[in-house]
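Report on one structure; see the data block that follows.
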Amino acid sequence: MDMPAVKMMRDSAKPLDGRVAIVTGSTSGIGLGIARAFAAAGADVVLNGIADQRVIDELCSECAGLGKRAVYDGANLMEGDACAGLVNNTVQRFGRLDILVNNAGIQHVSPIEDFPVEKWNAIIALNLSAAFHTIRTAMPVMKQAGFGRIINVASAHALVASPFKSAYVSAKHAILGLTKTVALEAARDGITCNAICPGYVWTPLVEKQIDDTAKARGITRDEVINNVLLAAQPSKRFATVEELGDLALFLSSPGATSITGTAISMDGGWTAQ
Ligand code: NAD
């Protein structure tokens with residue numbers, strides 16, 4: 001068999017062949033894991049997030065190398081107009097939008113009486129309102145196409161609370177309500193909307209916390225991992241961004257057509273307790 005024929009067979013076997021996906025906050029961590037999984041599955045991918053130009057160029061060429069086209073859109077998703085712009089620019093560039101992953105998020109930890117108002121506003125804007133803005137802009141496009149996959153990266157903190165995370169826990173609980181509402185509104189249009197609820201995931205953000213916490217408490221890295229970070233996670237292991245990528249890929253696949261309005265935990269048993 002000649003090489004072009006082999007390449008065609010390989011490409012057509014890819015589950016997301018011909019699909020266009022936006023993954024917000026995909027310059028690092030979970031979003032990047034999902035973007036890589038989508039690219040390897042044959043999708044055109046729009047990367048988004050805050051990073052140096054050098055990192056952006058490397059990630060775009062890495063994702064393009066894994067699959068098809070990969071472009072970067074630097075929309076600051078704290079702004080509603082920028083969220084709409086991210087969706088509109090994608091549709092203008094690729095002529096379609098099949099998969100929307102709302103992943104970008106930030107955290108701030110503080111007792112509520114000291115919680116800075118600007119941190120509350122920023123967390124609600126990025127972790128919750130950004131998804132409202134992207135979904136409301138994407139919905140007409142997906143309805144017209146009769147197909148859409150919307151995945152909101154929530155958290156175990158969408159199901160249970162921890163102290164000192166009032167804004168994060170509020171935003172993550174609220175995004176489950178948004179997920180269910182959108183799922184019901186779009187249920188007859190070939191569009192699904194689901195939330196993924198990870199416990200602790202091994203990302204650069206979490207890795208950095210380990211050394212800082214070890215230093216601050218005068219304990220070892222292993223003690224931080226098992227007695228502090230993973231105290232609530234019975235598996236005593238972090239999920240990986242590759243596992244998150246696999247789950248998002250499954251939710252985007254034909255096998256997940258009837259899965260909508262759900263919150264799928266990937267938390268090592270945290271919320272089973
Ligand atoms: P991360 O810090 O590695 O990635 C966050 C991404 O969001 C980055 O690409 C960053 O550039 C982007 N971002 C930040 N501000 C932005 C803005 N204004 N506009 C656009 N993009 C912006 O974090 P992560 O650990 O990969 O977390 C990703 C998501 O997963 C978040 O919603 C987080 O709440 C959720 N989550 C993470 C964990 C975990 O343990 N890491 C657990 C549960 C849920």
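Residue names in the structure tokens use chain letters A, B, ... in the order shown, residue numbers from 1 in each chain, and ligand numbers from 1 in the order shown.
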Would you write out, as JSON lines, a table of all residues in chain A that have an atom no more than 7 Å from an atom of ligand 1, listing for each the closest atom pair and the distance in Å to one decimal, considering only C-alpha atoms and all ligand atoms and ordering rows by chain and rising residue number?
```
{"residue": "A:Thr24", "atom": "CA", "partner": "ligand 1", "partner_atom_place_in_ligand_line": "21 (N)", "distance": 6.1}
{"residue": "A:Gly25", "atom": "CA", "partner": "ligand 1", "partner_atom_place_in_ligand_line": "7 (O)", "distance": 3.4}
{"residue": "A:Ser26", "atom": "CA", "partner": "ligand 1", "partner_atom_place_in_ligand_line": "9 (O)", "distance": 4.4}
{"residue": "A:Thr27", "atom": "CA", "partner": "ligand 1", "partner_atom_place_in_ligand_line": "9 (O)", "distance": 3.9}
{"residue": "A:Ser28", "atom": "CA", "partner": "ligand 1", "partner_atom_place_in_ligand_line": "9 (O)", "distance": 4.5}
{"residue": "A:Gly29", "atom": "CA", "partner": "ligand 1", "partner_atom_place_in_ligand_line": "26 (O)", "distance": 3.4}
{"residue": "A:Ile30", "atom": "CA", "partner": "ligand 1", "partner_atom_place_in_ligand_line": "26 (O)", "distance": 3.8}
{"residue": "A:Gly31", "atom": "CA", "partner": "ligand 1", "partner_atom_place_in_ligand_line": "26 (O)", "distance": 5.7}
{"residue": "A:Asn48", "atom": "CA", "partner": "ligand 1", "partner_atom_place_in_ligand_line": "21 (N)", "distance": 6.0}
{"residue": "A:Gly49", "atom": "CA", "partner": "ligand 1", "partner_atom_place_in_ligand_line": "21 (N)", "distance": 3.6}
{"residue": "A:Ile50", "atom": "CA", "partner": "ligand 1", "partner_atom_place_in_ligand_line": "11 (O)", "distance": 3.6}
{"residue": "A:Ala51", "atom": "CA", "partner": "ligand 1", "partner_atom_place_in_ligand_line": "11 (O)", "distance": 6.0}
{"residue": "A:Ala75", "atom": "CA", "partner": "ligand 1", "partner_atom_place_in_ligand_line": "20 (C)", "distance": 6.0}
{"residue": "A:Asn76", "atom": "CA", "partner": "ligand 1", "partner_atom_place_in_ligand_line": "19 (N)", "distance": 3.8}
{"residue": "A:Leu77", "atom": "CA", "partner": "ligand 1", "partner_atom_place_in_ligand_line": "19 (N)", "distance": 4.0}
{"residue": "A:Met78", "atom": "CA", "partner": "ligand 1", "partner_atom_place_in_ligand_line": "18 (N)", "distance": 4.9}
{"residue": "A:Asn103", "atom": "CA", "partner": "ligand 1", "partner_atom_place_in_ligand_line": "32 (O)", "distance": 4.6}
{"residue": "A:Ala104", "atom": "CA", "partner": "ligand 1", "partner_atom_place_in_ligand_line": "7 (O)", "distance": 3.7}
{"residue": "A:Gly105", "atom": "CA", "partner": "ligand 1", "partner_atom_place_in_ligand_line": "32 (O)", "distance": 3.6}
{"residue": "A:Ile106", "atom": "CA", "partner": "ligand 1", "partner_atom_place_in_ligand_line": "34 (O)", "distance": 5.9}
{"residue": "A:Gln107", "atom": "CA", "partner": "ligand 1", "partner_atom_place_in_ligand_line": "34 (O)", "distance": 6.9}
{"residue": "A:Leu126", "atom": "CA", "partner": "ligand 1", "partner_atom_place_in_ligand_line": "18 (N)", "distance": 6.3}
{"residue": "A:Asn127", "atom": "CA", "partner": "ligand 1", "partner_atom_place_in_ligand_line": "32 (O)", "distance": 6.1}
{"residue": "A:Val153", "atom": "CA", "partner": "ligand 1", "partner_atom_place_in_ligand_line": "32 (O)", "distance": 5.5}
{"residue": "A:Ala154", "atom": "CA", "partner": "ligand 1", "partner_atom_place_in_ligand_line": "44 (C)", "distance": 5.6}
{"residue": "A:Ser155", "atom": "CA", "partner": "ligand 1", "partner_atom_place_in_ligand_line": "44 (C)", "distance": 4.0}
{"residue": "A:Ala156", "atom": "CA", "partner": "ligand 1", "partner_atom_place_in_ligand_line": "43 (C)", "distance": 6.2}
{"residue": "A:Cys197", "atom": "CA", "partner": "ligand 1", "partner_atom_place_in_ligand_line": "43 (C)", "distance": 6.4}
{"residue": "A:Pro198", "atom": "CA", "partner": "ligand 1", "partner_atom_place_in_ligand_line": "43 (C)", "distance": 4.4}
{"residue": "A:Gly199", "atom": "CA", "partner": "ligand 1", "partner_atom_place_in_ligand_line": "42 (C)", "distance": 4.9}
{"residue": "A:Tyr200", "atom": "CA", "partner": "ligand 1", "partner_atom_place_in_ligand_line": "40 (O)", "distance": 3.5}
{"residue": "A:Val201", "atom": "CA", "partner": "ligand 1", "partner_atom_place_in_ligand_line": "40 (O)", "distance": 3.7}
{"residue": "A:Trp202", "atom": "CA", "partner": "ligand 1", "partner_atom_place_in_ligand_line": "41 (N)", "distance": 6.1}
{"residue": "A:Thr203", "atom": "CA", "partner": "ligand 1", "partner_atom_place_in_ligand_line": "25 (O)", "distance": 5.2}
{"residue": "A:Pro204", "atom": "CA", "partner": "ligand 1", "partner_atom_place_in_ligand_line": "3 (O)", "distance": 5.8}
{"residue": "A:Leu205", "atom": "CA", "partner": "ligand 1", "partner_atom_place_in_ligand_line": "3 (O)", "distance": 5.3}
{"residue": "A:Val206", "atom": "CA", "partner": "ligand 1", "partner_atom_place_in_ligand_line": "41 (N)", "distance": 6.0}
```
Would you kindly return, as a list in words, each protein, DNA or RNA residue with an atom no farther than 9 Å from any atom of stretch 257-264 of chain A, considering only C-alpha atoms and excluding same-chain residues fewer than 2 positions away?
Ala154, Ala158, Leu159, Leu176, Thr179, Lys180, Thr181, Val182, Ala183, Leu184, Ala187, Gly190, Ile191, Thr192, Cys193, Asn194, Ala195, Ile196, Cys197, Pro198, Leu251, Ser252, Ser253, Pro254, Gly255 and Met266 of chain A
Residues within 7 Å of stretch 35-45 of chain A, only C-alpha atoms, excluding chain neighbours under 4 positions, as an mmCIF file with C-alpha atoms, in the first residue's frame:
```cif
data_model
loop_
_atom_site.group_PDB
_atom_site.id
_atom_site.type_symbol
_atom_site.label_atom_id
_atom_site.label_comp_id
_atom_site.auth_asym_id
_atom_site.auth_seq_id
_atom_site.Cartn_x
_atom_site.Cartn_y
_atom_site.Cartn_z
ATOM 1 C CA ASP A 11 -6.596 9.808 9.432
ATOM 2 C CA LYS A 14 -9.440 9.151 14.003
ATOM 3 C CA PRO A 15 -12.599 9.675 16.036
ATOM 4 C CA LEU A 16 -12.611 13.490 15.847
ATOM 5 C CA ASP A 17 -11.656 13.723 12.206
ATOM 6 C CA GLY A 18 -13.297 16.857 10.726
ATOM 7 C CA ARG A 19 -14.294 18.272 14.115
ATOM 8 C CA VAL A 20 -13.320 21.728 15.370
ATOM 9 C CA ALA A 21 -12.744 22.189 19.103
ATOM 10 C CA ILE A 22 -12.126 25.149 21.394
ATOM 11 C CA VAL A 23 -10.417 24.368 24.699
ATOM 12 C CA SER A 26 -5.267 25.144 27.246
ATOM 13 C CA GLY A 31 -6.773 22.143 29.223
ATOM 14 C CA CYS A 63 -0.734 19.984 18.547
ATOM 15 C CA LEU A 66 -0.219 15.396 16.616
ATOM 16 C CA GLY A 67 -3.120 15.964 14.285
ATOM 17 C CA LYS A 68 -4.408 18.679 11.972
ATOM 18 C CA ARG A 69 -4.565 22.425 12.459
ATOM 19 C CA ALA A 70 -3.895 24.120 15.787
ATOM 20 C CA VAL A 71 -4.247 27.850 16.319
ATOM 21 C CA GLY A 245 -8.048 14.133 28.044
ATOM 22 C CA ASP A 246 -9.355 10.586 27.615
ATOM 23 C CA LEU A 249 -12.477 12.582 24.245
#
```
Neighbour list for A:Thr90 as number ranges by chain, cut-off 9 Å, only C-alpha atoms, skip fewer than 3 positions in-chain:
A: 20-22, 46, 73, 85-87, 93-97
Keeping only N, CA, C and O atoms, write the selected residues to a file as a compact mmCIF listing (two decimals), in the first residue's frame.
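Final output, saved to result-v5.txt:
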```txt
# COMPACT_ATOMS: atom_id res chain seq x y z
N VAL A 20 -14.04 20.54 14.92
CA VAL A 20 -13.32 21.73 15.37
C VAL A 20 -13.63 21.93 16.85
O VAL A 20 -14.80 21.91 17.25
N ALA A 21 -12.57 22.09 17.64
CA ALA A 21 -12.74 22.19 19.10
C ALA A 21 -12.06 23.42 19.66
O ALA A 21 -10.93 23.75 19.27
N ILE A 22 -12.75 24.10 20.58
CA ILE A 22 -12.13 25.15 21.39
C ILE A 22 -11.89 24.56 22.77
O ILE A 22 -12.80 23.96 23.36
N VAL A 46 -8.45 24.91 18.77
CA VAL A 46 -8.15 26.30 19.12
C VAL A 46 -7.67 26.33 20.57
O VAL A 46 -8.42 26.00 21.48
N ASP A 73 -5.82 31.53 20.23
CA ASP A 73 -6.62 32.75 20.38
C ASP A 73 -6.41 33.24 21.81
O ASP A 73 -6.73 32.51 22.77
N GLY A 85 -16.11 36.62 21.31
CA GLY A 85 -15.14 36.77 20.21
C GLY A 85 -14.39 35.48 19.94
O GLY A 85 -14.14 35.13 18.78
N LEU A 86 -14.04 34.75 20.99
CA LEU A 86 -13.32 33.47 20.83
C LEU A 86 -14.16 32.50 19.98
O LEU A 86 -13.65 31.87 19.06
N VAL A 87 -15.44 32.43 20.29
CA VAL A 87 -16.33 31.54 19.54
C VAL A 87 -16.52 32.05 18.11
O VAL A 87 -16.37 31.30 17.14
N ARG A 93 -13.03 31.35 11.19
CA ARG A 93 -11.78 30.74 10.68
C ARG A 93 -12.00 29.35 10.12
O ARG A 93 -11.49 29.00 9.07
N PHE A 94 -12.81 28.53 10.80
CA PHE A 94 -12.95 27.12 10.42
C PHE A 94 -14.31 26.79 9.80
O PHE A 94 -14.51 25.68 9.31
N GLY A 95 -15.25 27.72 9.90
CA GLY A 95 -16.57 27.47 9.32
C GLY A 95 -17.47 26.59 10.17
O GLY A 95 -18.58 26.26 9.75
N ARG A 96 -17.03 26.24 11.36
CA ARG A 96 -17.85 25.38 12.22
C ARG A 96 -17.29 25.38 13.65
O ARG A 96 -16.15 25.80 13.87
N LEU A 97 -18.07 24.90 14.59
CA LEU A 97 -17.59 24.64 15.94
C LEU A 97 -18.35 23.43 16.47
O LEU A 97 -19.56 23.48 16.64
```
Using only C-alpha atoms, can you tell me which of A:Trp270, A:Phe238, A:Tyr168, A:Phe250 comes closest to A:Phe115?
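So, comparing all the options, the nearest one is A:Tyr168.
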Which neighbours of A:Val228 fall inside 12 Å, counting only C-alpha atoms, when residues of the same chain fewer than 5 positions from it are skipped, and could you give them as a CSV table (one decimal) with all heavy atoms, in the first residue's frame?
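So the final result, stored in around_20.csv, reads:
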```csv
chain,number,residue,atom,x,y,z
A,200,TYR,N,-7.9,16.1,42.9
A,200,TYR,CA,-6.6,16.7,42.6
A,200,TYR,C,-6.0,16.1,41.3
A,200,TYR,O,-6.0,14.9,41.2
A,200,TYR,CB,-5.7,16.5,43.8
A,200,TYR,CG,-5.8,17.6,44.8
A,200,TYR,CD1,-6.4,17.4,46.0
A,200,TYR,CD2,-5.4,18.9,44.5
A,200,TYR,CE1,-6.6,18.4,46.9
A,200,TYR,CE2,-5.5,20.0,45.4
A,200,TYR,CZ,-6.1,19.7,46.6
A,200,TYR,OH,-6.3,20.7,47.5
A,206,VAL,N,-0.4,22.5,40.8
A,206,VAL,CA,-0.4,21.7,42.0
A,206,VAL,C,1.0,21.3,42.4
A,206,VAL,O,1.4,21.3,43.6
A,206,VAL,CB,-1.3,20.4,41.7
A,206,VAL,CG1,-1.1,19.4,42.9
A,206,VAL,CG2,-2.8,20.8,41.6
A,209,GLN,N,2.6,23.9,44.4
A,209,GLN,CA,2.1,24.0,45.8
A,209,GLN,C,2.8,23.0,46.7
A,209,GLN,O,2.8,23.2,47.9
A,209,GLN,CB,0.6,23.6,45.8
A,209,GLN,CG,-0.3,24.7,45.3
A,209,GLN,CD,-1.8,24.2,45.3
A,209,GLN,OE1,-2.2,23.5,46.1
A,209,GLN,NE2,-2.5,24.6,44.2
A,210,ILE,N,3.2,21.9,46.2
A,210,ILE,CA,3.8,20.8,47.0
A,210,ILE,C,5.1,21.4,47.7
A,210,ILE,O,5.3,21.3,48.9
A,210,ILE,CB,4.1,19.5,46.2
A,210,ILE,CG1,2.8,18.9,45.8
A,210,ILE,CG2,4.9,18.5,47.0
A,210,ILE,CD1,2.9,17.8,44.8
A,213,THR,N,4.3,24.2,50.2
A,213,THR,CA,3.7,23.7,51.4
A,213,THR,C,4.7,22.9,52.2
A,213,THR,O,4.7,23.1,53.5
A,213,THR,CB,2.5,22.8,51.0
A,213,THR,OG1,1.6,23.5,50.1
A,213,THR,CG2,1.7,22.4,52.3
A,214,ALA,N,5.5,22.1,51.6
A,214,ALA,CA,6.5,21.4,52.3
A,214,ALA,C,7.4,22.4,53.1
A,214,ALA,O,7.8,22.2,54.3
A,214,ALA,CB,7.4,20.5,51.4
A,217,ARG,N,5.4,24.2,56.0
A,217,ARG,CA,5.1,23.3,57.2
A,217,ARG,C,6.2,22.5,57.7
A,217,ARG,O,6.1,21.8,58.7
A,217,ARG,CB,4.0,22.3,56.7
A,217,ARG,CG,2.7,23.0,56.3
A,217,ARG,CD,1.6,21.9,56.1
A,217,ARG,NE,0.3,22.5,55.7
A,217,ARG,CZ,-0.9,22.1,56.1
A,217,ARG,NH1,-0.9,21.1,56.9
A,217,ARG,NH2,-2.0,22.7,55.7
A,219,ILE,N,7.6,19.9,56.4
A,219,ILE,CA,7.4,18.4,56.2
A,219,ILE,C,7.9,18.0,54.8
A,219,ILE,O,8.2,18.8,54.0
A,219,ILE,CB,5.9,18.1,56.4
A,219,ILE,CG1,5.0,18.9,55.5
A,219,ILE,CG2,5.5,18.3,57.8
A,219,ILE,CD1,3.5,18.5,55.6
A,220,THR,N,7.9,16.7,54.6
A,220,THR,CA,8.4,16.2,53.3
A,220,THR,C,7.4,16.3,52.2
A,220,THR,O,6.2,16.5,52.5
A,220,THR,CB,8.8,14.7,53.4
A,220,THR,OG1,7.6,13.9,53.6
A,220,THR,CG2,9.8,14.5,54.6
A,221,ARG,N,7.9,16.2,51.0
A,221,ARG,CA,6.9,16.2,49.8
A,221,ARG,C,5.9,15.1,49.9
A,221,ARG,O,4.7,15.3,49.7
A,221,ARG,CB,7.7,16.0,48.5
A,221,ARG,CG,8.4,17.2,48.0
A,221,ARG,CD,9.2,16.9,46.7
A,221,ARG,NE,8.4,16.4,45.6
A,221,ARG,CZ,7.8,17.1,44.7
A,221,ARG,NH1,8.0,18.4,44.7
A,221,ARG,NH2,7.1,16.6,43.8
A,222,ASP,N,6.3,13.9,50.4
A,222,ASP,CA,5.4,12.7,50.5
A,222,ASP,C,4.3,13.1,51.6
A,222,ASP,O,3.1,12.7,51.4
A,222,ASP,CB,6.1,11.5,50.9
A,222,ASP,CG,6.7,10.8,49.7
A,222,ASP,OD1,6.5,11.3,48.6
A,222,ASP,OD2,7.5,9.8,49.9
A,223,GLU,N,4.7,13.7,52.7
A,223,GLU,CA,3.8,14.1,53.7
A,223,GLU,C,2.8,15.1,53.2
A,223,GLU,O,1.6,15.0,53.5
A,223,GLU,CB,4.5,14.6,54.9
A,223,GLU,CG,5.1,13.5,55.7
A,223,GLU,CD,6.1,13.9,56.8
A,223,GLU,OE1,6.6,15.0,56.7
A,223,GLU,OE2,6.3,13.2,57.8
A,233,GLN,N,-8.7,12.3,49.3
A,233,GLN,CA,-8.8,11.5,48.0
A,233,GLN,C,-8.3,10.1,48.3
A,233,GLN,O,-7.1,9.8,48.4
A,233,GLN,CB,-7.9,12.2,47.0
A,233,GLN,CG,-8.2,11.8,45.5
A,233,GLN,CD,-7.9,13.0,44.6
A,233,GLN,OE1,-8.5,14.0,44.7
A,233,GLN,NE2,-7.0,12.8,43.6
A,236,LYS,N,-5.3,8.1,47.0
A,236,LYS,CA,-4.0,8.6,47.3
A,236,LYS,C,-3.1,8.8,46.1
A,236,LYS,O,-1.9,8.5,46.1
A,236,LYS,CB,-3.3,7.7,48.3
A,236,LYS,CG,-4.0,7.6,49.7
A,236,LYS,CD,-4.1,9.0,50.4
A,236,LYS,CE,-5.0,8.8,51.6
A,236,LYS,NZ,-5.5,10.1,52.1
```
If you run DSSP on the backbone here, which positions in stretch 130-242 of chain A get strand (DSSP E or B)? Please write them as a ChimeraX atom specification.
/A:148-153,191-198,201,239
What residues in stretch 98-268 of chain A get the DSSP label alpha helix (DSSP H)? Please answer as number ranges by chain.
A: 117-124, 130-145, 166-185, 204-217, 221-223, 241-251
A:Leu128: which residues within 8 Å, counting only C-alpha atoms, same-chain residues fewer than 3 positions away excluded, as a list of chain:residue names?
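Once the adjacent positions are removed, what remains is A:Ile123, A:Ile124, A:Ala125, A:Ala131, A:Phe132, A:Ala171, A:Lys172, A:Ala174, A:Ile175.
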Applying 10 Å and only C-alpha atoms, which residues near A:Val141 remain after dropping the ones on its own chain fewer than 2 positions away? List them as a list in words.
Val87, Asn88, Val91, Gly95, Arg96, Leu97, Asp98, Arg136, Thr137, Ala138, Met139, Lys143, Gln144, Ala145, Gly146, Phe147 and Gly148 of chain A
